[in-house]
Amino acid sequence: EAGVAQSPRYKIIEKRQSVAFWCNPISGHATLYWYQQILGQGPKLLIQFQNNGVVDDSQLPKDRFSAERLKGVDSTLKIQPAKLEDSAVYLCASSPGGINIQYFGAGTRLSVL
Amino acid sequence: AQKITQTQPGMFVQEKEAVTLDCTYDTSDPSYGLFWYKQPSSGEMIFLIYQGSYDQQNATEGRYSLNFQKARKSANLVISASQLGDSAMYFCAMREGYDYKLSFGAGTTVTARA
């Protein structure tokens with residue numbers, strides 16, 4: 001069974017530029033999560049989707065971050081414009097639904113210069 | 001308030017020995033779940049073990065076991081017979097009630113030595 005796929009693995013941009021990350025969850029998983037992990041810290045949830053609907057985006061900085069999950073499968077997370085403090089690893093996770101285990105992708109490491 | 005506290009920023013362990021990673025949690029919800037994840041330098045978070053608040057037995061998965069002490073609100077991870085490949089960051093996480101999101105601790109770095 002294929003795991004959670006994320007791309008790109010690495011991205012370097014300058015502040016005020018825009019960037020997008022892509023996630024393909026495990027087949028059949030209804031729930032998808034985006035986490036931000038700043039160096040030296042644990043991941044922090046940004047947004048949670050159930051199928052293609054948003055369940056929780058209370059921690060998403062909506063003035064610059066946006067996310068969508070089209071057709072309840074793939075998801076993209078966008079930052080526009082990026083700030084220096086957005087430098088982090090962005091992790092995507094999926095679960096079958098309910099209170100099941102979340103399975104993570106390898107993440108996208110973003111550096112904002 | 002911190003929901004998950006991991007007080008050990010870094011630990012060394014000798015190959016073939018056991019190591020215990022501490023995790024304390026804070027919740028008022030009687031229904032919760034505790035997870036441990038491993039994050040090697042490659043970045044992927046790998047699920048290790050899960051303990052539900054109503055589970056009577058401590059969870060075990062191969063070389064991993066969870067020492068669950070509900071009254072003390074602790075959920076320590078024990079790795080037995082350590083291997084060099086165990087070198088990684090380890091995170092404790094919790095979900096509360098029927099809220100699916102996980103709250104993570106700051107992590108503990110484990111370095112295994114031959």
# chains A, B, ... in the order shown; residues from 1 in each chain; ligands from 1
$ closest_atom_pairs --of "chain B" --to "chain A" --cutoff "12 Å" --atoms "only C-alpha atoms" --output "Markdown table"
| residue | atom | partner | partner_atom | distance |
| --- | --- | --- | --- | --- |
| B:Gln2 | CA | A:Gly42 | CA | 11.9 |
| B:Lys3 | CA | A:Gly42 | CA | 11.9 |
| B:Ile4 | CA | A:Gly42 | CA | 10.0 |
| B:Thr5 | CA | A:Gly42 | CA | 10.7 |
| B:Gln6 | CA | A:Gly42 | CA | 10.4 |
| B:Pro9 | CA | A:Gly40 | CA | 9.5 |
| B:Gly10 | CA | A:Gly40 | CA | 11.5 |
| B:Ser31 | CA | A:Ile99 | CA | 11.0 |
| B:Tyr32 | CA | A:Ile99 | CA | 9.5 |
| B:Gly33 | CA | A:Ile99 | CA | 8.4 |
| B:Leu34 | CA | A:Ile101 | CA | 10.3 |
| B:Phe35 | CA | A:Ile101 | CA | 8.4 |
| B:Trp36 | CA | A:Ile101 | CA | 10.4 |
| B:Tyr37 | CA | A:Phe104 | CA | 9.9 |
| B:Lys38 | CA | A:Phe104 | CA | 10.8 |
| B:Gln39 | CA | A:Ala106 | CA | 9.5 |
| B:Pro40 | CA | A:Ala106 | CA | 10.1 |
| B:Ser41 | CA | A:Ala106 | CA | 10.2 |
| B:Ser42 | CA | A:Ala106 | CA | 7.1 |
| B:Gly43 | CA | A:Ala106 | CA | 5.4 |
| B:Glu44 | CA | A:Ala106 | CA | 4.0 |
| B:Met45 | CA | A:Phe104 | CA | 5.5 |
| B:Ile46 | CA | A:Phe104 | CA | 7.0 |
| B:Phe47 | CA | A:Tyr103 | CA | 7.0 |
| B:Leu48 | CA | A:Ile101 | CA | 9.9 |
| B:Ile49 | CA | A:Ile101 | CA | 9.3 |
| B:Tyr50 | CA | A:Ile101 | CA | 8.1 |
| B:Gln51 | CA | A:Ile101 | CA | 10.9 |
| B:Gly52 | CA | A:Ile99 | CA | 10.2 |
| B:Met89 | CA | A:Gly40 | CA | 9.8 |
| B:Tyr90 | CA | A:Gly42 | CA | 9.6 |
| B:Phe91 | CA | A:Gly42 | CA | 7.1 |
| B:Cys92 | CA | A:Gly42 | CA | 8.9 |
| B:Ala93 | CA | A:Gly42 | CA | 9.0 |
| B:Met94 | CA | A:Ile99 | CA | 10.9 |
| B:Arg95 | CA | A:Ile99 | CA | 8.1 |
| B:Glu96 | CA | A:Ile99 | CA | 9.5 |
| B:Gly97 | CA | A:Ile99 | CA | 9.0 |
| B:Tyr98 | CA | A:Ile99 | CA | 6.9 |
| B:Asp99 | CA | A:Ile99 | CA | 7.9 |
| B:Tyr100 | CA | A:Ile99 | CA | 5.8 |
| B:Lys101 | CA | A:Leu45 | CA | 7.0 |
| B:Leu102 | CA | A:Leu45 | CA | 7.4 |
| B:Ser103 | CA | A:Lys44 | CA | 7.1 |
| B:Phe104 | CA | A:Gly42 | CA | 5.3 |
| B:Gly105 | CA | A:Gly42 | CA | 5.6 |
| B:Ala106 | CA | A:Gly42 | CA | 4.7 |
| B:Gly107 | CA | A:Gly42 | CA | 6.3 |
| B:Thr108 | CA | A:Gly40 | CA | 9.8 |
| B:Thr109 | CA | A:Gly40 | CA | 10.0 |
$ select_by_dssp --residues "chain B" --states "strand (DSSP E or B)" --output "MDAnalysis selection string"
chainID B and resid 4:5 10:14 19:21 24:25 32:39 46:52 60:61 64:69 74:79 88:96 103:104 108:113
$ atom_distance --atom1 "atom CA of A:Ala2" --atom2 "atom CA of A:Asn51"
18.8 Å
$ residues_around --residues "B:Thr111" --least-positions-apart "2" --cutoff "9 Å" --atoms "only C-alpha atoms" --output "VMD selection string"
chain B and resid 10 to 14 84 86 to 89 109 113
